[in-house]
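Coordinates from run01.cif are shown below (mmCIF, N, CA and C atoms).
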data_input
loop_
_atom_site.label_atom_id
_atom_site.label_comp_id
_atom_site.auth_asym_id
_atom_site.auth_seq_id
_atom_site.Cartn_x
_atom_site.Cartn_y
_atom_site.Cartn_z
N GLN A 1 80.70 169.89 29.97
CA GLN A 1 80.40 170.78 31.09
C GLN A 1 80.65 172.22 30.65
N VAL A 2 79.63 173.04 30.78
CA VAL A 2 79.74 174.44 30.35
C VAL A 2 80.56 175.22 31.36
N HIS A 3 81.39 176.07 30.86
CA HIS A 3 82.19 176.92 31.72
C HIS A 3 82.09 178.34 31.22
N PHE A 4 81.66 179.24 32.10
CA PHE A 4 81.52 180.65 31.75
C PHE A 4 82.67 181.45 32.33
N LEU A 5 83.27 182.27 31.50
CA LEU A 5 84.39 183.10 31.92
C LEU A 5 83.95 184.55 31.89
N GLU A 6 83.72 185.13 33.07
CA GLU A 6 83.27 186.51 33.17
C GLU A 6 84.46 187.44 33.45
N SER A 7 84.39 188.64 32.91
CA SER A 7 85.45 189.61 33.16
C SER A 7 84.89 191.03 33.00
N GLY A 8 85.69 192.01 33.40
CA GLY A 8 85.33 193.40 33.19
C GLY A 8 84.87 194.15 34.42
N GLY A 9 84.75 193.44 35.53
CA GLY A 9 84.33 194.11 36.75
C GLY A 9 85.41 195.02 37.31
N GLY A 10 85.06 195.71 38.38
CA GLY A 10 86.02 196.59 39.02
C GLY A 10 85.34 197.55 39.98
N LEU A 11 86.12 198.51 40.42
CA LEU A 11 85.63 199.55 41.32
C LEU A 11 85.33 200.80 40.50
N VAL A 12 84.13 201.32 40.65
CA VAL A 12 83.74 202.49 39.89
C VAL A 12 82.93 203.42 40.78
N GLN A 13 83.01 204.70 40.51
CA GLN A 13 82.26 205.67 41.29
C GLN A 13 80.79 205.69 40.85
N PRO A 14 79.91 206.10 41.73
CA PRO A 14 78.49 206.24 41.32
C PRO A 14 78.39 207.13 40.09
N GLY A 15 77.54 206.70 39.17
CA GLY A 15 77.39 207.41 37.91
C GLY A 15 78.31 206.92 36.81
N GLY A 16 79.24 206.07 37.17
CA GLY A 16 80.20 205.56 36.19
C GLY A 16 79.66 204.41 35.37
N SER A 17 80.52 203.87 34.51
CA SER A 17 80.13 202.80 33.59
C SER A 17 81.15 201.66 33.63
N LEU A 18 80.66 200.48 33.32
CA LEU A 18 81.51 199.31 33.14
C LEU A 18 80.90 198.45 32.04
N ARG A 19 81.75 197.69 31.36
CA ARG A 19 81.28 196.73 30.37
C ARG A 19 81.79 195.35 30.76
N LEU A 20 80.86 194.47 31.04
CA LEU A 20 81.21 193.11 31.41
C LEU A 20 81.18 192.21 30.18
N SER A 21 82.08 191.23 30.18
CA SER A 21 82.14 190.26 29.10
C SER A 21 82.05 188.86 29.67
N CYS A 22 81.45 187.98 28.90
CA CYS A 22 81.34 186.59 29.30
C CYS A 22 81.55 185.72 28.07
N ARG A 23 82.42 184.74 28.21
CA ARG A 23 82.62 183.79 27.13
C ARG A 23 82.24 182.40 27.62
N ALA A 24 81.40 181.76 26.84
CA ALA A 24 80.99 180.38 27.16
C ALA A 24 82.00 179.45 26.53
N SER A 25 83.12 179.29 27.23
CA SER A 25 84.29 178.67 26.61
C SER A 25 84.09 177.22 26.19
N ARG A 26 83.23 176.51 26.88
CA ARG A 26 83.06 175.09 26.56
C ARG A 26 81.69 174.79 25.98
N MET A 27 80.95 175.83 25.65
CA MET A 27 79.61 175.62 25.10
C MET A 27 79.74 175.53 23.59
N ILE A 28 79.26 174.45 22.99
CA ILE A 28 79.41 174.34 21.56
C ILE A 28 78.46 175.32 20.87
N THR A 29 78.85 175.76 19.69
CA THR A 29 78.12 176.80 18.97
C THR A 29 76.66 176.41 18.76
N SER A 30 76.42 175.16 18.44
CA SER A 30 75.06 174.73 18.14
C SER A 30 74.18 174.76 19.39
N THR A 31 74.79 174.81 20.56
CA THR A 31 74.03 174.96 21.80
C THR A 31 73.93 176.42 22.19
N PHE A 32 75.01 177.17 22.01
CA PHE A 32 75.01 178.58 22.40
C PHE A 32 74.03 179.40 21.56
N ASN A 33 74.08 179.22 20.25
CA ASN A 33 73.32 180.10 19.36
C ASN A 33 71.82 180.14 19.65
N PRO A 34 71.18 179.04 19.91
CA PRO A 34 69.74 179.11 20.19
C PRO A 34 69.39 179.42 21.64
N ALA A 35 70.39 179.50 22.49
CA ALA A 35 70.12 179.68 23.92
C ALA A 35 69.82 181.14 24.27
N THR A 36 68.88 181.31 25.18
CA THR A 36 68.72 182.63 25.80
C THR A 36 69.81 182.74 26.86
N MET A 37 70.56 183.83 26.80
CA MET A 37 71.66 184.04 27.72
C MET A 37 71.32 185.19 28.67
N GLY A 38 71.84 185.10 29.87
CA GLY A 38 71.51 186.13 30.85
C GLY A 38 72.68 186.52 31.72
N TRP A 39 72.58 187.69 32.27
CA TRP A 39 73.50 188.16 33.31
C TRP A 39 72.74 188.15 34.64
N TYR A 40 73.37 187.55 35.61
CA TYR A 40 72.82 187.46 36.95
C TYR A 40 73.76 188.21 37.90
N ARG A 41 73.26 188.55 39.06
CA ARG A 41 74.15 189.13 40.07
C ARG A 41 73.73 188.68 41.45
N GLN A 42 74.71 188.66 42.32
CA GLN A 42 74.45 188.29 43.71
C GLN A 42 75.17 189.27 44.62
N ALA A 43 74.39 190.02 45.36
CA ALA A 43 74.94 190.95 46.34
C ALA A 43 75.11 190.22 47.66
N PRO A 44 75.96 190.73 48.53
CA PRO A 44 76.18 190.08 49.83
C PRO A 44 74.87 189.84 50.57
N GLU A 45 74.70 188.63 51.04
CA GLU A 45 73.55 188.22 51.84
C GLU A 45 72.22 188.32 51.08
N LYS A 46 72.29 188.29 49.77
CA LYS A 46 71.07 188.31 48.96
C LYS A 46 71.07 187.13 48.00
N GLU A 47 69.88 186.80 47.50
CA GLU A 47 69.76 185.74 46.51
C GLU A 47 70.30 186.22 45.17
N ARG A 48 70.77 185.27 44.39
CA ARG A 48 71.20 185.62 43.02
C ARG A 48 69.96 185.98 42.22
N GLU A 49 70.08 187.02 41.40
CA GLU A 49 68.94 187.49 40.62
C GLU A 49 69.36 187.68 39.16
N LEU A 50 68.39 187.47 38.28
CA LEU A 50 68.61 187.72 36.86
C LEU A 50 68.39 189.20 36.59
N VAL A 51 69.37 189.86 35.98
CA VAL A 51 69.21 191.29 35.72
C VAL A 51 68.98 191.60 34.25
N ALA A 52 69.44 190.74 33.36
CA ALA A 52 69.26 191.00 31.93
C ALA A 52 69.34 189.69 31.16
N SER A 53 68.59 189.62 30.08
CA SER A 53 68.64 188.43 29.23
C SER A 53 68.51 188.83 27.78
N ILE A 54 69.03 187.96 26.91
CA ILE A 54 68.94 188.18 25.48
C ILE A 54 68.67 186.84 24.81
N SER A 55 67.65 186.81 23.98
CA SER A 55 67.29 185.57 23.31
C SER A 55 68.13 185.38 22.06
N SER A 56 67.93 184.24 21.42
CA SER A 56 68.63 183.99 20.17
C SER A 56 68.24 185.01 19.11
N GLY A 57 67.03 185.51 19.19
CA GLY A 57 66.56 186.52 18.25
C GLY A 57 66.85 187.94 18.69
N ARG A 58 67.69 188.07 19.71
CA ARG A 58 68.12 189.38 20.24
C ARG A 58 67.02 190.14 20.97
N THR A 59 65.99 189.45 21.40
CA THR A 59 65.00 190.09 22.27
C THR A 59 65.61 190.21 23.66
N THR A 60 65.53 191.41 24.23
CA THR A 60 66.15 191.64 25.53
C THR A 60 65.11 191.92 26.61
N ASN A 61 65.45 191.55 27.82
CA ASN A 61 64.61 191.85 28.97
C ASN A 61 65.51 192.27 30.12
N PHE A 62 64.99 193.15 30.97
CA PHE A 62 65.78 193.69 32.06
C PHE A 62 64.96 193.73 33.34
N ALA A 63 65.64 193.55 34.44
CA ALA A 63 65.00 193.76 35.73
C ALA A 63 64.65 195.24 35.86
N ASP A 64 63.59 195.52 36.57
CA ASP A 64 63.15 196.92 36.72
C ASP A 64 64.26 197.80 37.28
N SER A 65 65.07 197.23 38.15
CA SER A 65 66.09 198.01 38.83
C SER A 65 67.21 198.50 37.90
N VAL A 66 67.33 197.90 36.72
CA VAL A 66 68.41 198.29 35.82
C VAL A 66 67.91 198.81 34.47
N LYS A 67 66.60 198.81 34.28
CA LYS A 67 66.05 199.28 33.00
C LYS A 67 66.48 200.71 32.72
N GLY A 68 66.88 200.92 31.48
CA GLY A 68 67.30 202.25 31.07
C GLY A 68 68.76 202.55 31.37
N ARG A 69 69.40 201.69 32.15
CA ARG A 69 70.81 201.90 32.51
C ARG A 69 71.72 200.82 31.94
N PHE A 70 71.22 199.59 31.84
CA PHE A 70 72.01 198.45 31.35
C PHE A 70 71.54 198.04 29.98
N THR A 71 72.47 197.60 29.15
CA THR A 71 72.13 196.96 27.89
C THR A 71 72.89 195.65 27.78
N ILE A 72 72.31 194.69 27.08
CA ILE A 72 72.91 193.38 26.91
C ILE A 72 73.04 193.09 25.43
N SER A 73 74.12 192.44 25.05
CA SER A 73 74.33 192.08 23.66
C SER A 73 75.06 190.74 23.61
N ARG A 74 75.09 190.16 22.43
CA ARG A 74 75.75 188.88 22.27
C ARG A 74 76.47 188.81 20.93
N ASP A 75 77.51 188.00 20.89
CA ASP A 75 78.26 187.74 19.67
C ASP A 75 78.36 186.22 19.54
N ASN A 76 77.52 185.67 18.69
CA ASN A 76 77.47 184.20 18.58
C ASN A 76 78.78 183.63 18.05
N ALA A 77 79.43 184.34 17.17
CA ALA A 77 80.69 183.85 16.61
C ALA A 77 81.75 183.68 17.70
N ARG A 78 81.68 184.51 18.71
CA ARG A 78 82.63 184.43 19.83
C ARG A 78 82.05 183.72 21.04
N LYS A 79 80.81 183.23 20.91
CA LYS A 79 80.12 182.59 22.04
C LYS A 79 80.23 183.48 23.28
N SER A 80 79.93 184.76 23.06
CA SER A 80 80.11 185.74 24.13
C SER A 80 78.86 186.58 24.35
N VAL A 81 78.73 187.04 25.57
CA VAL A 81 77.63 187.91 25.98
C VAL A 81 78.24 189.10 26.71
N TYR A 82 77.65 190.27 26.52
CA TYR A 82 78.19 191.48 27.11
C TYR A 82 77.11 192.22 27.89
N LEU A 83 77.53 192.93 28.92
CA LEU A 83 76.60 193.75 29.69
C LEU A 83 77.21 195.14 29.84
N GLN A 84 76.61 196.11 29.19
CA GLN A 84 77.03 197.50 29.32
C GLN A 84 76.23 198.12 30.45
N MET A 85 76.94 198.60 31.46
CA MET A 85 76.29 199.16 32.65
C MET A 85 76.64 200.63 32.76
N ASN A 86 75.64 201.47 32.67
CA ASN A 86 75.82 202.91 32.79
C ASN A 86 75.09 203.43 34.03
N SER A 87 75.43 204.65 34.41
CA SER A 87 74.79 205.29 35.57
C SER A 87 74.75 204.35 36.77
N LEU A 88 75.89 203.77 37.06
CA LEU A 88 75.95 202.77 38.12
C LEU A 88 75.64 203.39 39.48
N GLU A 89 74.99 202.59 40.30
CA GLU A 89 74.57 203.01 41.64
C GLU A 89 75.19 202.06 42.67
N PRO A 90 75.36 202.51 43.90
CA PRO A 90 75.90 201.61 44.93
C PRO A 90 75.11 200.31 45.05
N GLU A 91 73.81 200.36 44.77
CA GLU A 91 72.98 199.16 44.84
C GLU A 91 73.32 198.13 43.76
N ASP A 92 74.11 198.51 42.79
CA ASP A 92 74.54 197.58 41.74
C ASP A 92 75.74 196.75 42.18
N THR A 93 76.30 197.06 43.32
CA THR A 93 77.44 196.31 43.83
C THR A 93 77.06 194.84 44.04
N ALA A 94 77.80 193.97 43.40
CA ALA A 94 77.50 192.53 43.45
C ALA A 94 78.55 191.78 42.65
N VAL A 95 78.51 190.47 42.75
CA VAL A 95 79.26 189.62 41.83
C VAL A 95 78.33 189.30 40.67
N TYR A 96 78.81 189.52 39.46
CA TYR A 96 78.00 189.32 38.26
C TYR A 96 78.44 188.03 37.56
N TYR A 97 77.42 187.27 37.16
CA TYR A 97 77.64 185.99 36.49
C TYR A 97 76.83 185.95 35.20
N CYS A 98 77.30 185.15 34.26
CA CYS A 98 76.45 184.87 33.10
C CYS A 98 76.11 183.39 33.09
N ASN A 99 75.02 183.08 32.44
CA ASN A 99 74.57 181.70 32.32
C ASN A 99 73.42 181.69 31.33
N THR A 100 72.94 180.50 31.03
CA THR A 100 71.76 180.41 30.21
C THR A 100 70.53 180.81 31.04
N VAL A 101 69.42 181.02 30.37
CA VAL A 101 68.16 181.31 31.04
C VAL A 101 67.14 180.28 30.56
N PRO A 102 66.62 179.42 31.44
CA PRO A 102 67.00 179.30 32.84
C PRO A 102 68.42 178.78 32.99
N ASP A 103 68.99 178.99 34.16
CA ASP A 103 70.39 178.62 34.32
C ASP A 103 70.55 177.10 34.35
N GLY A 104 71.72 176.68 33.88
CA GLY A 104 72.00 175.25 33.84
C GLY A 104 73.00 174.82 34.89
N GLY A 105 73.17 175.65 35.92
CA GLY A 105 74.20 175.36 36.91
C GLY A 105 75.55 175.68 36.32
N ASN A 106 76.57 175.01 36.76
CA ASN A 106 77.92 175.19 36.26
C ASN A 106 78.31 176.66 36.23
N TRP A 107 78.11 177.33 37.31
CA TRP A 107 78.42 178.75 37.39
C TRP A 107 79.91 179.00 37.31
N GLY A 108 80.27 180.11 36.66
CA GLY A 108 81.66 180.53 36.62
C GLY A 108 82.03 181.24 37.91
N GLN A 109 83.20 181.84 37.91
CA GLN A 109 83.69 182.55 39.10
C GLN A 109 83.00 183.89 39.29
N GLY A 110 82.45 184.42 38.22
CA GLY A 110 81.83 185.74 38.29
C GLY A 110 82.87 186.84 38.26
N THR A 111 82.38 188.07 38.19
CA THR A 111 83.26 189.23 38.23
C THR A 111 82.67 190.25 39.20
N GLN A 112 83.51 190.76 40.08
CA GLN A 112 83.04 191.66 41.13
C GLN A 112 82.88 193.07 40.59
N VAL A 113 81.73 193.64 40.86
CA VAL A 113 81.46 195.05 40.54
C VAL A 113 81.21 195.77 41.86
N THR A 114 81.98 196.80 42.11
CA THR A 114 81.82 197.59 43.33
C THR A 114 81.61 199.04 42.93
N VAL A 115 80.49 199.59 43.36
CA VAL A 115 80.16 200.99 43.06
C VAL A 115 80.24 201.77 44.36
N SER A 116 81.24 202.62 44.44
CA SER A 116 81.47 203.33 45.69
C SER A 116 82.28 204.58 45.42
N SER A 117 82.02 205.60 46.23
CA SER A 117 82.81 206.82 46.12
C SER A 117 83.95 206.77 47.12
#
Reformat the file's structure so that it appears as structure tokens.
Amino acid sequence: QVHFLESGGGLVQPGGSLRLSCRASRMITSTFNPATMGWYRQAPEKERELVASISSGRTTNFADSVKGRFTISRDNARKSVYLQMNSLEPEDTAVYYCNTVPDGGNWGQGTQVTVSS
């Protein structure tokens, strides 16, 4: 059973930055390395949405709402995925999760990001 451990969230002012980390603690390397990994977020009373993904070949994709502000990276040796978020806006407030793309269920606890002055 895959377990994702997300961290790095917090309260930040508009225009600020945060770096989220996710470790796929129970995902074996031979499964993690070829997987496309993604960061998802769920704002209050909204559906969970995919905001960024990175393939095994490091091809990245971003939702239009975060293009130019977020970057995603991965470290296969650490079975980890990172989300660098810059120029944060109040609309980015959500719980952020990582998972495979498409997701395989087994969601972690997520990490709360709150953008507010």
Exercise. Hey, which of A:Arg23, A:Phe70, A:Ser65, A:Asn99 ends up closest to Met85 (chain A)? Count all atoms listed in the file.
Worked result: A:Phe70
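Counting from CA of Gln84 (chain A), the distance to CA of Cys98 (chain A) is 13.2 Å.
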Problem set entry | Which of A:Ile72, A:Ala35, A:Val81, A:Ala63 sits closest to Asp103 (chain A) [using only C-alpha atoms] |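 Closest residue, counting only C-alpha atoms: A:Ala35.
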For this session: Please write as a list in words the full residue list that the PyMOL selection byres ((chain A and resi 88) around 6) yields on this file.
Result: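 In the shown coordinates, the PyMOL selection byres ((chain A and resi 88) around 6) covers Gln13, Pro14, Gly15, Gly16, Ser17, Met85, Asn86, Ser87, Glu89 and Pro90 of chain A.
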Problem set entry | Using only C-alpha atoms: which of A:Ile54, A:Val66, A:Leu11, A:Leu5 has the shortest distance to Met27 (chain A) |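 Of A:Ile54, A:Val66, A:Leu11, A:Leu5, the one nearest Met27 (chain A) is A:Leu5, counting only C-alpha atoms.
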For this session: Go ahead and compute the interatomic distance for atom C of Gly110 (chain A) and CA of Ser56 (chain A), in Å to one decimal.
Result: 23.2 Å
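Considering all atoms listed in the file, the residue among A:Arg78, A:Arg41, A:Arg19, A:Arg26 positioned nearest to Ala94 (chain A) is A:Arg41.
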Problem set entry | Those in region 37-81 of chain A with strand (DSSP E or B) from DSSP, as a PyMOL selection string | chain A and resi 37-42+49-54+60-62+70-75+80-81
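For the pair atom C of Lys46 (chain A) and atom C of Asn33 (chain A), the interatomic distance is 29.2 Å.
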Exercise. Contacts of Tyr82 (chain A) at 8 Å or less, counting all atoms listed in the file, minus same-chain residues fewer than 5 places along, as a PyMOL selection string?
Worked result: chain A and resi 19-23+39+71-75
For this session: Using backbone DSSP assignments, extract all helix (DSSP H, G or I) residues from chain A; output them as number ranges by chain.
Result: A: 29-32, 76-78, 90-92
Problem set entry | Residues in the PyMOL selection byres ((chain A and resi 8) around 7), expressed as JSON, numbers by chain | {"A": [6, 7, 9, 10, 18, 19, 20, 21, 111, 112]}
For this session: Have a look at A:Thr93, A:Gln109, A:Ser116, A:Thr100 and name the one nearest to Ser53 (chain A); count only C-alpha atoms.
Result: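 Answer, going by the shortest atom-to-atom distance: A:Thr100.
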Listed atoms of region 67-81 of chain A boxed axis-aligned with 3 Å per side, centre + edges as lines of an AutoDock Vina configuration file:
center_x = 74.3
center_y = 192.6
center_z = 25.4
size_x = 22.6
size_y = 26.0
size_z = 23.7
Exercise. Residues at most 8 Å from Ser55 (chain A), counting only N, CA and C atoms, excluding those fewer than 6 positions away in the same chain, as a VMD selection string?
Worked result: chain A and resid 33 to 38 61
Once N, CA, C and O atoms are restored for region 75-88 of chain A, what would the output be as a CSV table (one decimal), keeping the file's coordinate frame?
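Written file, out_21.csv:
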chain,number,residue,atom,x,y,z
A,75,ASP,N,77.5,188.0,20.9
A,75,ASP,CA,78.3,187.7,19.7
A,75,ASP,C,78.4,186.2,19.5
A,75,ASP,O,79.2,185.6,20.2
A,76,ASN,N,77.5,185.7,18.7
A,76,ASN,CA,77.5,184.2,18.6
A,76,ASN,C,78.8,183.6,18.0
A,76,ASN,O,79.2,182.5,18.4
A,77,ALA,N,79.4,184.3,17.2
A,77,ALA,CA,80.7,183.8,16.6
A,77,ALA,C,81.8,183.7,17.7
A,77,ALA,O,82.6,182.8,17.6
A,78,ARG,N,81.7,184.5,18.7
A,78,ARG,CA,82.6,184.4,19.8
A,78,ARG,C,82.0,183.7,21.0
A,78,ARG,O,82.7,183.6,22.1
A,79,LYS,N,80.8,183.2,20.9
A,79,LYS,CA,80.1,182.6,22.0
A,79,LYS,C,80.2,183.5,23.3
A,79,LYS,O,80.6,183.0,24.4
A,80,SER,N,79.9,184.8,23.1
A,80,SER,CA,80.1,185.7,24.1
A,80,SER,C,78.9,186.6,24.4
A,80,SER,O,78.1,186.8,23.4
A,81,VAL,N,78.7,187.0,25.6
A,81,VAL,CA,77.6,187.9,26.0
A,81,VAL,C,78.2,189.1,26.7
A,81,VAL,O,79.2,188.9,27.5
A,82,TYR,N,77.6,190.3,26.5
A,82,TYR,CA,78.2,191.5,27.1
A,82,TYR,C,77.1,192.2,27.9
A,82,TYR,O,75.9,192.2,27.5
A,83,LEU,N,77.5,192.9,28.9
A,83,LEU,CA,76.6,193.8,29.7
A,83,LEU,C,77.2,195.1,29.8
A,83,LEU,O,78.2,195.3,30.5
A,84,GLN,N,76.6,196.1,29.2
A,84,GLN,CA,77.0,197.5,29.3
A,84,GLN,C,76.2,198.1,30.4
A,84,GLN,O,75.0,198.1,30.4
A,85,MET,N,76.9,198.6,31.5
A,85,MET,CA,76.3,199.2,32.6
A,85,MET,C,76.6,200.6,32.8
A,85,MET,O,77.8,201.0,32.9
A,86,ASN,N,75.6,201.5,32.7
A,86,ASN,CA,75.8,202.9,32.8
A,86,ASN,C,75.1,203.4,34.0
A,86,ASN,O,74.2,202.8,34.6
A,87,SER,N,75.4,204.6,34.4
A,87,SER,CA,74.8,205.3,35.6
A,87,SER,C,74.8,204.4,36.8
A,87,SER,O,73.7,204.2,37.4
A,88,LEU,N,75.9,203.8,37.1
A,88,LEU,CA,76.0,202.8,38.1
A,88,LEU,C,75.6,203.4,39.5
A,88,LEU,O,76.0,204.6,39.8
